[in-house]
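Undergrad: Just start.cif, nothing more (mmCIF, C-alpha atoms):
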data_run
#
loop_
_atom_site.label_atom_id
_atom_site.label_comp_id
_atom_site.auth_asym_id
_atom_site.auth_seq_id
_atom_site.Cartn_x
_atom_site.Cartn_y
_atom_site.Cartn_z
CA MET A 1 -19.44 8.71 2.74
CA LEU A 2 -17.41 8.73 -0.42
CA ALA A 3 -17.38 5.94 -2.92
CA ALA A 4 -14.57 4.85 -5.14
CA VAL A 5 -15.70 4.70 -8.75
CA ALA A 6 -14.64 2.49 -11.55
CA CYS A 7 -12.81 4.03 -14.45
CA GLY A 8 -11.94 1.96 -17.46
CA SER A 9 -13.18 -1.51 -18.11
CA GLY A 10 -14.08 -3.94 -15.43
CA GLU A 11 -11.37 -6.16 -16.73
CA HIS A 12 -8.73 -3.72 -15.59
CA ALA A 13 -10.17 -2.08 -12.54
CA ALA A 14 -12.43 -3.25 -9.82
CA MET A 15 -15.23 -1.06 -8.52
CA GLY A 16 -14.17 0.13 -5.11
CA ARG A 17 -16.11 -0.37 -1.93
CA ALA A 18 -17.34 2.62 -0.03
CA LEU A 19 -14.16 3.84 1.60
CA PRO A 20 -14.37 7.00 3.70
CA GLY A 21 -11.19 9.03 3.43
CA LEU A 22 -10.18 7.86 0.01
CA PRO A 23 -10.22 10.35 -2.86
CA ARG A 24 -13.61 11.12 -4.38
CA ARG A 25 -12.73 9.71 -7.77
CA ALA A 26 -10.68 6.61 -7.14
CA VAL A 27 -10.13 3.38 -8.97
CA ILE A 28 -9.01 0.37 -7.02
CA ASP A 29 -6.85 -2.01 -8.99
CA ARG A 30 -7.20 -5.75 -8.85
CA VAL A 31 -4.34 -7.68 -7.30
CA ARG A 32 -3.64 -11.37 -7.16
CA VAL A 33 -0.83 -13.09 -5.24
CA PHE A 34 0.34 -16.60 -5.83
CA ARG A 35 3.35 -18.89 -5.66
CA LEU A 36 4.63 -20.54 -8.76
CA ALA A 37 7.13 -23.26 -9.58
CA LEU A 38 9.26 -22.49 -12.63
CA PRO A 39 9.37 -22.88 -15.54
CA ALA A 40 6.05 -21.20 -16.30
CA LYS A 41 4.07 -21.10 -19.49
CA GLY A 42 1.83 -18.56 -21.16
CA SER A 43 1.91 -14.86 -20.46
CA ILE A 44 3.77 -15.26 -17.17
CA GLY A 45 6.33 -17.48 -18.88
CA ARG A 46 6.90 -14.80 -21.53
CA CYS A 47 7.56 -12.28 -18.77
CA LEU A 48 9.91 -14.62 -16.96
CA ARG A 49 11.93 -15.16 -20.13
CA LEU A 50 12.81 -11.45 -19.97
CA THR A 51 14.42 -12.05 -16.58
CA MET A 52 17.16 -14.34 -15.35
CA LEU A 53 14.60 -16.53 -13.54
CA ARG A 54 14.55 -20.00 -15.03
CA GLU A 55 13.92 -22.39 -12.14
CA GLY A 56 12.91 -22.54 -8.49
CA ARG A 57 9.86 -21.09 -6.80
CA VAL A 58 8.71 -17.50 -7.02
CA LEU A 59 6.17 -15.29 -5.31
CA LEU A 60 4.16 -13.44 -7.88
CA VAL A 61 2.00 -10.31 -7.53
CA GLU A 62 -0.20 -9.68 -10.53
CA ARG A 63 -1.82 -6.26 -10.82
CA SER A 64 -4.53 -5.26 -13.26
CA GLY A 65 -4.86 -1.53 -13.40
CA VAL A 66 -6.12 1.22 -15.61
CA VAL A 67 -2.77 2.12 -17.16
CA THR A 68 -0.93 -1.21 -17.08
CA ARG A 69 -1.07 -4.80 -16.09
CA SER A 70 2.08 -5.70 -14.18
CA LEU A 71 3.83 -8.61 -12.55
CA THR A 72 6.16 -8.26 -9.59
CA ILE A 73 8.13 -11.43 -9.04
CA ALA A 74 10.27 -12.26 -6.03
CA ARG A 75 12.44 -15.32 -5.99
CA ILE A 76 11.71 -17.09 -2.70
CA GLY A 77 14.74 -16.90 -0.42
CA SER A 78 16.35 -14.16 -2.46
CA GLN A 79 16.44 -10.36 -2.38
CA GLN A 80 15.99 -10.10 -6.14
CA VAL A 81 12.76 -8.63 -7.51
CA PHE A 82 11.70 -8.63 -11.15
CA GLY A 83 8.85 -6.97 -12.93
CA CYS A 84 7.06 -6.84 -16.25
CA ASP A 85 4.62 -4.25 -17.54
CA LYS A 86 2.17 -4.27 -20.39
CA THR A 87 -0.33 -1.76 -21.67
CA GLY A 88 -2.20 -3.64 -24.35
CA ALA A 89 -0.03 -2.00 -27.01
CA SER A 90 2.76 -4.38 -27.95
CA PHE A 91 6.40 -3.23 -28.06
CA GLU A 92 8.38 -4.62 -31.00
CA GLY A 93 5.93 -7.47 -31.17
CA HIS A 94 6.32 -8.35 -27.51
CA GLU A 95 3.37 -8.61 -25.17
CA TRP A 96 5.39 -7.25 -22.23
CA CYS A 97 6.77 -3.84 -23.14
CA GLY A 98 8.81 -3.30 -19.99
CA ALA A 99 10.99 -5.48 -17.80
CA SER A 100 12.73 -4.33 -14.64
CA ALA A 101 14.93 -5.78 -11.94
CA GLY A 102 15.86 -4.63 -8.48
CA ILE A 103 17.54 -5.83 -5.31
CA LEU A 104 15.83 -5.39 -1.97
CA ARG A 105 17.84 -3.89 0.89
CA ASN A 106 16.12 -4.51 4.21
CA GLY A 107 12.92 -5.23 2.33
CA ARG A 108 13.02 -1.98 0.35
CA LEU A 109 14.17 -1.06 -3.11
CA PRO A 110 16.70 1.77 -2.99
CA ASP A 111 15.66 2.86 -6.50
CA PRO A 112 12.18 2.80 -8.13
CA ARG A 113 13.58 1.07 -11.28
CA LEU A 114 11.76 3.32 -13.69
CA ASP A 115 10.84 1.95 -17.11
CA ILE A 116 9.61 4.26 -19.88
CA LEU A 117 9.65 1.97 -22.90
CA CYS A 118 5.91 1.25 -22.92
CA VAL A 119 3.34 3.31 -24.77
CA ASP A 120 -0.39 3.02 -24.36
CA ARG A 121 -2.91 2.43 -27.13
CA ARG A 122 -3.06 6.19 -27.74
CA GLY A 123 0.71 6.31 -28.26
CA ARG A 124 1.44 8.08 -24.98
CA HIS A 125 4.61 7.16 -23.10
CA VAL A 126 3.91 5.17 -19.94
CA ALA A 127 6.20 5.33 -16.94
CA ALA A 128 6.24 2.38 -14.56
CA ALA A 129 8.08 2.23 -11.25
CA TRP A 130 8.08 0.54 -7.87
CA VAL A 131 7.01 2.23 -4.64
CA ASN A 132 8.10 0.91 -1.26
CA PRO A 133 4.93 0.61 0.80
CA LEU A 134 5.04 1.91 4.35
CA PRO A 135 4.64 -0.84 6.97
CA ARG A 136 0.95 -0.04 7.64
CA ALA A 137 0.04 1.00 4.10
CA ARG A 138 -3.01 -0.65 2.56
CA TRP A 139 -3.14 1.29 -0.70
CA VAL A 140 -0.69 3.31 -2.75
CA GLY A 141 -2.56 6.06 -4.58
CA VAL A 142 -1.26 7.63 -7.77
CA ASP A 143 -2.68 10.90 -9.08
CA GLN A 144 -3.78 10.23 -12.65
CA GLY A 145 -5.29 13.66 -13.21
CA SER A 146 -9.05 13.18 -13.26
CA TYR A 147 -8.90 10.28 -10.82
CA THR A 148 -6.63 8.54 -8.33
CA GLU A 149 -5.54 5.00 -9.04
CA LEU A 150 -5.29 2.93 -5.87
CA TYR A 151 -2.87 0.03 -5.87
CA PRO A 152 -3.48 -2.40 -3.00
CA THR A 153 -0.31 -3.41 -1.19
CA ALA A 154 0.47 -7.10 -1.15
CA VAL A 155 2.81 -9.36 0.84
CA GLY A 156 5.09 -6.43 1.69
CA LEU A 157 6.62 -6.31 -1.78
CA PRO A 158 7.22 -3.04 -3.62
CA VAL A 159 4.11 -1.89 -5.49
CA ARG A 160 4.46 -1.45 -9.25
CA ILE A 161 2.70 1.76 -10.29
CA ALA A 162 2.29 3.36 -13.70
CA SER A 163 1.15 6.62 -15.23
CA THR A 164 1.12 8.59 -18.44
CA ARG A 165 1.35 11.82 -16.46
CA GLY A 166 4.65 13.44 -15.56
CA VAL A 167 6.68 11.46 -18.07
CA GLU A 168 9.75 13.37 -19.31
CA TYR A 169 10.68 10.88 -21.96
CA ASN A 170 13.71 12.71 -23.39
CA GLY A 171 15.03 13.26 -19.89
CA ALA A 172 14.45 9.57 -19.07
CA ARG A 173 12.61 10.73 -15.99
CA ALA A 174 9.11 10.62 -14.54
CA THR A 175 7.36 12.28 -11.64
CA PHE A 176 4.55 10.54 -9.79
CA PHE A 177 2.33 12.08 -7.13
CA VAL A 178 1.93 9.32 -4.59
CA THR A 179 -0.21 9.05 -1.47
CA GLN A 180 -0.09 6.05 0.83
CA TYR A 181 -3.23 5.13 2.77
CA GLY A 182 -3.66 2.98 5.84
CA ALA A 183 -6.37 0.40 6.50
CA ARG A 184 -8.86 3.06 7.62
CA ALA A 185 -8.12 5.02 4.46
CA HIS A 186 -6.17 7.62 6.41
CA VAL A 187 -3.20 9.26 4.75
CA LEU A 188 0.16 7.88 5.89
CA SER A 189 2.31 9.86 3.50
CA ARG A 190 1.95 12.12 0.52
CA GLY A 191 4.63 13.32 -1.86
CA ARG A 192 6.34 13.37 -5.21
CA LEU A 193 8.32 10.44 -6.48
CA VAL A 194 10.88 11.56 -9.05
CA ALA A 195 12.35 8.53 -10.78
CA GLN A 196 15.19 8.33 -13.28
CA VAL A 197 15.95 5.55 -15.74
CA ALA A 198 19.17 4.10 -14.38
CA GLY A 199 21.40 1.08 -14.13
CA MET B 1 22.94 55.65 10.66
CA LYS B 2 20.62 53.08 12.18
CA PRO B 3 18.66 52.27 8.98
CA LEU B 4 21.94 52.04 7.06
CA ALA B 5 23.37 49.60 9.60
CA ALA B 6 20.20 47.49 9.43
CA PHE B 7 20.38 47.50 5.67
CA LEU B 8 24.04 46.43 5.68
CA VAL B 9 23.39 43.60 8.15
CA THR B 10 20.41 42.39 6.09
CA PHE B 11 22.45 42.65 2.90
CA VAL B 12 25.34 40.61 4.31
CA VAL B 13 22.99 37.96 5.70
CA ALA B 14 21.19 37.70 2.33
CA LEU B 15 24.54 37.41 0.54
CA VAL B 16 25.68 34.61 2.83
CA LEU B 17 22.39 32.75 2.50
CA SER B 18 22.38 33.03 -1.30
CA GLY B 19 25.90 31.60 -1.33
CA VAL B 20 24.81 28.69 0.84
CA THR B 21 21.85 28.02 -1.45
CA ALA B 22 24.04 28.19 -4.54
CA ALA B 23 26.52 25.77 -3.03
CA ARG B 24 23.73 23.31 -2.25
CA THR B 25 22.22 23.38 -5.73
CA HIS B 26 25.48 23.52 -7.68
CA THR B 27 26.27 20.15 -9.18
CA PHE B 28 28.68 18.98 -11.85
CA GLN B 29 25.73 18.48 -14.13
CA SER B 30 24.23 21.94 -13.58
CA ALA B 31 27.60 23.65 -13.94
CA ASN B 32 28.97 21.80 -16.95
CA CYS B 33 26.42 19.82 -18.91
CA ASN B 34 24.15 20.91 -21.72
CA THR B 35 21.02 19.87 -23.55
CA ALA B 36 22.28 20.23 -27.12
CA ALA B 37 20.52 18.19 -29.77
CA ALA B 38 22.17 14.99 -30.94
CA GLN B 39 23.85 15.19 -34.34
CA PRO B 40 23.06 12.51 -36.93
CA THR B 41 26.27 10.96 -38.25
CA ALA B 42 26.85 8.87 -41.35
CA ASN B 43 29.34 6.54 -39.72
CA LEU B 44 29.27 4.27 -36.73
CA THR B 45 32.59 2.49 -36.37
CA ARG B 46 33.85 0.29 -33.59
CA ASP B 47 37.19 2.06 -33.30
CA TRP B 48 35.49 5.47 -33.07
CA SER B 49 33.26 4.10 -30.32
CA GLN B 50 36.31 2.77 -28.48
CA THR B 51 37.88 6.24 -28.54
CA TYR B 52 34.61 7.86 -27.47
CA SER B 53 34.12 5.49 -24.55
CA LEU B 54 37.73 5.94 -23.44
CA ALA B 55 37.03 9.62 -22.73
CA ALA B 56 34.55 8.47 -20.07
CA ALA B 57 37.16 6.32 -18.31
CA ARG B 58 38.33 7.66 -14.94
CA GLU B 59 35.57 10.32 -15.03
CA GLY B 60 33.45 8.81 -12.31
CA TYR B 61 30.09 7.12 -12.12
CA GLN B 62 26.65 8.63 -11.71
CA TRP B 63 23.55 6.54 -11.23
CA GLY B 64 21.14 7.58 -14.00
CA GLY B 65 23.78 9.93 -15.39
CA GLY B 66 25.19 10.61 -18.83
CA CYS B 67 27.57 13.60 -18.73
CA TRP B 68 31.33 13.75 -18.29
CA ASN B 69 34.36 15.76 -19.32
CA ASN B 70 37.76 14.30 -20.21
CA ASN B 71 40.22 15.28 -17.52
CA ASP B 72 40.55 11.89 -15.79
CA ILE B 73 39.18 13.28 -12.51
CA ASP B 74 35.83 12.44 -10.96
CA GLU B 75 34.56 15.91 -10.07
CA ALA B 76 31.75 14.47 -7.97
CA PRO B 77 33.23 11.60 -5.95
CA TYR B 78 31.42 9.80 -3.14
CA ASP B 79 27.90 10.30 -4.53
CA PRO B 80 25.36 8.20 -2.64
CA PRO B 81 24.99 4.87 -4.52
CA GLY B 82 21.70 4.29 -6.31
CA GLN B 83 20.70 7.96 -6.35
CA TYR B 84 20.85 10.57 -9.07
CA THR B 85 22.62 13.59 -7.64
CA GLY B 86 23.81 15.36 -10.79
CA GLY B 87 27.40 14.19 -10.46
CA GLU B 88 29.94 13.45 -13.15
CA GLY B 89 29.86 10.29 -15.22
CA GLY B 90 27.41 7.95 -16.79
CA ASP B 91 25.96 4.78 -15.39
CA CYS B 92 26.33 1.50 -17.24
CA SER B 93 23.35 1.92 -19.54
CA GLY B 94 23.93 5.65 -20.06
CA LEU B 95 27.53 5.02 -21.15
CA THR B 96 26.40 2.27 -23.52
CA PHE B 97 23.61 4.43 -24.99
CA LYS B 98 25.96 7.32 -25.78
CA THR B 99 28.85 5.15 -26.98
CA TRP B 100 26.55 3.28 -29.32
CA GLN B 101 25.29 6.63 -30.66
CA GLU B 102 21.64 5.83 -30.15
CA SER B 103 18.49 7.86 -30.50
CA SER B 104 16.09 8.48 -27.63
CA ASN B 105 13.41 7.31 -30.02
CA THR B 106 13.36 3.53 -29.58
CA GLY B 107 12.11 3.07 -33.13
CA ASP B 108 15.04 4.96 -34.68
CA SER B 109 18.16 2.85 -35.34
CA TRP B 110 20.23 5.64 -36.97
CA HIS B 111 23.46 6.89 -35.35
CA TYR B 112 23.55 10.14 -33.37
CA TYR B 113 26.58 11.82 -31.85
CA TRP B 114 26.06 13.01 -28.30
CA HIS B 115 28.79 15.28 -26.97
CA ARG B 116 30.29 13.90 -23.77
CA LEU B 117 29.00 16.99 -21.89
CA ARG B 118 25.48 16.45 -23.20
CA ASN B 119 23.56 15.15 -20.22
CA VAL B 120 21.55 12.27 -21.61
CA HIS B 121 20.94 8.77 -20.33
CA GLY B 122 18.58 7.31 -22.89
CA PRO B 123 15.49 5.21 -22.29
CA TYR B 124 17.20 1.85 -21.75
CA THR B 125 18.18 0.04 -18.59
CA ALA B 126 20.70 -2.80 -18.52
CA SER B 127 17.76 -5.18 -18.50
CA ALA B 128 16.38 -3.56 -21.68
CA PHE B 129 19.77 -3.88 -23.39
CA LYS B 130 19.89 -7.52 -22.33
CA SER B 131 16.64 -8.27 -24.10
CA GLY B 132 17.67 -6.30 -27.20
CA SER B 133 14.92 -3.70 -26.75
CA GLY B 134 14.81 -0.83 -29.23
CA ALA B 135 15.51 -0.74 -32.96
CA PRO B 136 19.27 -0.05 -32.54
CA ASN B 137 19.83 -2.96 -30.17
CA GLY B 138 20.06 -6.68 -30.61
CA THR B 139 21.41 -9.77 -28.96
CA ILE B 140 24.40 -11.86 -30.04
CA TYR B 141 25.61 -15.36 -29.29
CA LYS B 142 28.32 -14.71 -26.72
CA PRO B 143 31.17 -16.57 -28.46
CA TYR B 144 30.70 -14.24 -31.43
CA ALA B 145 30.77 -11.04 -29.37
CA GLY B 146 33.68 -8.81 -30.42
CA VAL B 147 35.02 -5.32 -29.88
CA MET B 148 32.29 -2.86 -28.87
CA ASP B 149 29.66 -5.55 -28.64
CA GLY B 150 28.56 -5.95 -25.06
CA PHE B 151 27.42 -8.18 -22.24
CA ALA B 152 24.29 -7.36 -20.26
CA SER B 153 22.54 -8.83 -17.25
CA ASP B 154 19.40 -7.69 -15.45
CA TRP B 155 21.61 -5.36 -13.42
CA HIS B 156 24.56 -4.28 -15.53
CA VAL B 157 25.87 -3.74 -19.05
CA GLY B 158 29.41 -3.25 -20.33
CA MET B 159 31.15 -3.15 -23.73
CA ILE B 160 34.10 -5.23 -24.90
CA PHE B 161 37.17 -3.02 -25.29
CA PHE B 162 39.61 -5.85 -26.04
CA ARG B 163 38.59 -9.40 -26.54
CA GLY B 164 40.39 -11.71 -24.13
CA SER B 165 40.66 -15.45 -23.72
CA GLY B 166 39.46 -18.10 -21.31
CA GLY B 167 36.13 -16.35 -20.85
CA TRP B 168 37.74 -13.05 -19.86
CA ASP B 169 37.57 -9.72 -21.67
CA GLN B 170 38.72 -6.17 -21.15
CA VAL B 171 35.40 -4.42 -20.68
CA ILE B 172 34.77 -0.68 -20.64
CA GLU B 173 31.98 -0.07 -18.18
CA ALA B 174 30.50 2.39 -15.74
CA LYS B 175 30.68 -0.06 -12.90
CA CYS B 176 29.74 1.56 -9.60
CA GLU B 177 30.18 4.74 -7.58
CA ALA B 178 33.18 3.34 -5.71
CA CYS B 179 34.85 1.77 -8.75
CA GLY B 180 33.95 4.42 -11.33
CA THR B 181 34.12 4.10 -15.10
CA ASP B 182 37.13 2.36 -16.61
CA ILE B 183 38.38 -0.71 -18.45
CA PHE B 184 38.13 -3.76 -16.20
CA SER B 185 38.97 -7.44 -16.70
CA GLU B 186 35.64 -9.24 -16.54
CA SER B 187 34.38 -12.78 -16.98
CA TYR B 188 30.92 -11.77 -18.21
CA ARG B 189 31.39 -13.94 -21.28
CA SER B 190 31.36 -17.03 -19.09
CA GLN B 191 28.69 -15.94 -16.62
CA SER B 192 25.21 -17.32 -17.26
CA ALA B 193 23.53 -14.17 -15.92
CA TYR B 194 25.01 -12.20 -18.81
CA GLY B 195 23.84 -12.33 -22.40
CA GLY B 196 25.58 -11.00 -25.48
CA VAL B 197 24.26 -7.70 -26.81
CA ARG B 198 25.15 -5.62 -29.82
CA ARG B 199 24.56 -2.34 -31.60
CA ILE B 200 22.90 -2.97 -34.94
CA GLY B 201 24.28 -1.04 -37.92
CA TRP B 202 28.05 -0.73 -37.48
CA THR B 203 29.53 0.82 -40.61
CA GLY B 204 33.07 -0.24 -39.87
#
Would you encode the structure as structure tokens?
TA:
Amino acid sequence: MLAAVACGSGEHAAMGRALPGLPRRAVIDRVRVFRLALPAKGSIGRCLRLTMLREGRVLLVERSGVVTRSLTIARIGSQQVFGCDKTGASFEGHEWCGASAGILRNGRLPDPRLDILCVDRRGRHVAAAWVNPLPRARWVGVDQGSYTELYPTAVGLPVRIASTRGVEYNGARATFFVTQYGARAHVLSRGRLVAQVAG
Amino acid sequence: MKPLAAFLVTFVVALVLSGVTAARTHTFQSANCNTAAAQPTANLTRDWSQTYSLAAAREGYQWGGGCWNNNDIDEAPYDPPGQYTGGEGGDCSGLTFKTWQESSNTGDSWHYYWHRLRNVHGPYTASAFKSGSGAPNGTIYKPYAGVMDGFASDWHVGMIFFRGSGGWDQVIEAKCEACGTDIFSESYRSQSAYGGVRRIGWTG
């Protein structure tokens, strides 16, 4: 039986349960889902001010991972999805270094909405993008080199992933190695996601 | 004779297959675009930027793209929307990045000339332009937005080619695969989803 191990601080990544089938060195990110009536204050409010969302109710997925903390926000009753990313290193004095927007088509984003504006505390470029989870996917795994970061899926929304690997900053492009796992930790799909800054 | 015939058949088959492969991988971008370094320039004028952007008009649209010639023909029409396929044209943020002569380095606000056939998009999305991300970019109160300032939403960005009236402007923009890149009459100035954006550091 293989165990997922924590990597990074407990604040960012939760120690995984024993999960047969998952990669040997895996970090399971923390995810929180909640509904919110706008306007919002605090950190979430600062993210929302980077989007066109000003009022109404939103569904919010907050992810705390090794590379980034992210918000994925869906306006209830709308196909619009917004996201914010932060690394702990501010960008031009802003807490959230990246903001993205996408429109769902049949519940999926046609484009990963890559953002490469963030850097981490070591000055490395960070690429963040959305992955459409497969219908039975429980985790989206991203190869981070020495470990795999596992992003739990939540409420069927695209999963915001991030990495410092495979970032071609001058080409405004990033390549992620993504594996989707089902509830029994079996592999549903495995492949490269090549994303381009666009739109 | 038999080995020679086998060789000829194999040779012809290989030739055909290599042609098929070449046709599949040949794109406007791979055939025409380059990776030349950007050239620092002393000046950044609005009228120069108008002329530069006009070369992109009627050259098509490419999601995530930033390379075009100046023959008023889209050499890669009917690209699948929302996918980068190496076709001709910029997308909205790529056109804005090159027209505003920006650096890929977000902390560098100096002006850099990118040849139209230099395939570069830049690190900004429309959403990033909207929030004034990067040292060269800022926001502007929409009533003050003039020629070669822009309007950006979470989904799109365009630059004012001629200032209009009644909330309308002539906007140069890479709009979509079906509509291409051109000057369009737009009411972005009066739409709440759009904010005013500007290049910082015009010299004229």
Undergrad: Of the residues A:Arg25, A:Lys41, A:Arg105, A:His186, which is the one nearest to chain B, using only C-alpha atoms?
TA: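 Counting only C-alpha atoms, the residue closest to chain B is A:Arg105.
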Undergrad: Using all atoms listed in the file, tabulate the residues of chain A lying at most 9 Å from any atom of chain B, each with its closest atom pair and that distance in Å to one decimal, by chain and increasing residue number, as CSV.
TA:
residue,atom,partner,partner_atom,distance
A:Leu50,CA,B:Ser131,CA,6.5
A:Thr51,CA,B:Asp154,CA,6.7
A:Met52,CA,B:Ala193,CA,6.4
A:Phe82,CA,B:Asp154,CA,8.9
A:Phe91,CA,B:Ser133,CA,8.6
A:Glu92,CA,B:Gly134,CA,7.7
A:Cys97,CA,B:Ser133,CA,8.9
A:Gly98,CA,B:Ala128,CA,7.8
A:Ala99,CA,B:Ser127,CA,6.8
A:Ser100,CA,B:Ser127,CA,6.4
A:Ala101,CA,B:Asp154,CA,6.0
A:Gly102,CA,B:Trp155,CA,7.6
A:Pro110,CA,B:Gly82,CA,6.5
A:Asp111,CA,B:Gly82,CA,6.2
A:Arg113,CA,B:Thr125,CA,8.7
A:Leu114,CA,B:Thr125,CA,8.7
A:Asp115,CA,B:Pro123,CA,7.7
A:Ile116,CA,B:Pro123,CA,6.4
A:Leu117,CA,B:Pro123,CA,6.7
A:Tyr169,CA,B:Pro123,CA,7.4
A:Asn170,CA,B:Ser104,CA,6.4
A:Gly171,CA,B:Val120,CA,6.8
A:Ala172,CA,B:Pro123,CA,5.5
A:Arg173,CA,B:Pro123,CA,8.9
A:Ala195,CA,B:Tyr84,CA,8.9
A:Gln196,CA,B:Gly64,CA,6.0
A:Val197,CA,B:Gly64,CA,5.8
A:Ala198,CA,B:Gly64,CA,4.0
A:Gly199,CA,B:Thr125,CA,5.6
Undergrad: Check which residues satisfy the PyMOL selection byres ((chain A and resi 96) around 7) in the file shown, then give them as a ChimeraX atom specification.
TA: /A:47,84-86,90,94-95,97-98
Undergrad: Excluding Ala74 of chain A and residues on its chain fewer than 4 positions from it, collect all residues at most 6 Å away from it, counting only C-alpha atoms, and give them as a PDB file with C-alpha atoms, in the frame of the given file.
TA:
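Produced file result_21.pdb, reproduced below:
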ATOM      1  CA  VAL A  58       8.710 -17.500  -7.020  1.00  0.00           C
ATOM      2  CA  LEU A  59       6.170 -15.290  -5.310  1.00  0.00           C
ATOM      3  CA  VAL A  81      12.760  -8.630  -7.510  1.00  0.00           C
TER       4      VAL A  81
END
Undergrad: For a test of reading the model, state the distance in Å between atom CA of His26 of chain B and atom CA of Arg58 of chain B, rounded to one decimal.
TA: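 Value for the atom CA of His26 of chain B-atom CA of Arg58 of chain B distance: 21.7 Å.
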Undergrad: Just to confirm, what's the straight-line distance from atom CA of Leu44 of chain B to atom CA of Phe161 of chain B in Å (one decimal)?
TA: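 These two atoms are separated by 15.7 Å.
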Undergrad: Using atom CA of Ser64 of chain A and atom CA of Arg32 of chain A as the two end points, give the distance in Å to one decimal.
TA: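 Spanning atom CA of Ser64 of chain A to atom CA of Arg32 of chain A is a straight-line distance of 8.7 Å.
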Undergrad: For this file, the PyMOL selection byres ((chain A and resi 55) around 12) selects which residues, as a tab-separated table (two decimals) with C-alpha atoms, in the coordinates of the input?
TA:
chain	number	residue	atom	x	y	z
A	36	LEU	CA	4.63	-20.54	-8.76
A	37	ALA	CA	7.13	-23.26	-9.58
A	38	LEU	CA	9.26	-22.49	-12.63
A	39	PRO	CA	9.37	-22.88	-15.54
A	40	ALA	CA	6.05	-21.20	-16.30
A	45	GLY	CA	6.33	-17.48	-18.88
A	48	LEU	CA	9.91	-14.62	-16.96
A	49	ARG	CA	11.93	-15.16	-20.13
A	51	THR	CA	14.42	-12.05	-16.58
A	52	MET	CA	17.16	-14.34	-15.35
A	53	LEU	CA	14.60	-16.53	-13.54
A	54	ARG	CA	14.55	-20.00	-15.03
A	56	GLY	CA	12.91	-22.54	-8.49
A	57	ARG	CA	9.86	-21.09	-6.80
A	58	VAL	CA	8.71	-17.50	-7.02
A	75	ARG	CA	12.44	-15.32	-5.99
A	76	ILE	CA	11.71	-17.09	-2.70
Undergrad: Tell me, as number ranges by chain, which residues lie within 9 Å of Thr87 of chain A, counting all atoms listed in the file; anything in the same chain fewer than 6 positions away does not count.
TA: A: 66-70, 95-97, 118-121, 126
Undergrad: Can I get the selection written as a PDB file, keeping the file's coordinate frame, with C-alpha atoms?
TA:
ATOM      1  CA  VAL A  66      -6.120   1.220 -15.610  1.00  0.00           C
ATOM      2  CA  VAL A  67      -2.770   2.120 -17.160  1.00  0.00           C
ATOM      3  CA  THR A  68      -0.930  -1.210 -17.080  1.00  0.00           C
ATOM      4  CA  ARG A  69      -1.070  -4.800 -16.090  1.00  0.00           C
ATOM      5  CA  SER A  70       2.080  -5.700 -14.180  1.00  0.00           C
ATOM      6  CA  GLU A  95       3.370  -8.610 -25.170  1.00  0.00           C
ATOM      7  CA  TRP A  96       5.390  -7.250 -22.230  1.00  0.00           C
ATOM      8  CA  CYS A  97       6.770  -3.840 -23.140  1.00  0.00           C
ATOM      9  CA  CYS A 118       5.910   1.250 -22.920  1.00  0.00           C
ATOM     10  CA  VAL A 119       3.340   3.310 -24.770  1.00  0.00           C
ATOM     11  CA  ASP A 120      -0.390   3.020 -24.360  1.00  0.00           C
ATOM     12  CA  ARG A 121      -2.910   2.430 -27.130  1.00  0.00           C
ATOM     13  CA  VAL A 126       3.910   5.170 -19.940  1.00  0.00           C
TER      14      VAL A 126
END
Undergrad: So, with all atoms listed in the file as the atoms that count, which of B:Tyr141, B:Tyr61, B:Trp68, B:Trp48 lies closest to Phe28 of chain B?
TA: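 Once distances to Phe28 of chain B are computed over all atoms listed in the file, the minimum belongs to B:Trp68.
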Undergrad: To test your reading of the syntax: which residues would the PyMOL selection byres ((chain B and resi 198) around 9) return for the file shown? Reply as a PyMOL selection string.
TA: chain B and resi 129+132+136-140+145+148-151+159+196-197+199-200
Undergrad: Using only C-alpha atoms, can you tell me which of B:Gly167, B:Gly158, B:Ala5, B:Gly86 comes closest to Ile183 of chain B?
TA: B:Gly158
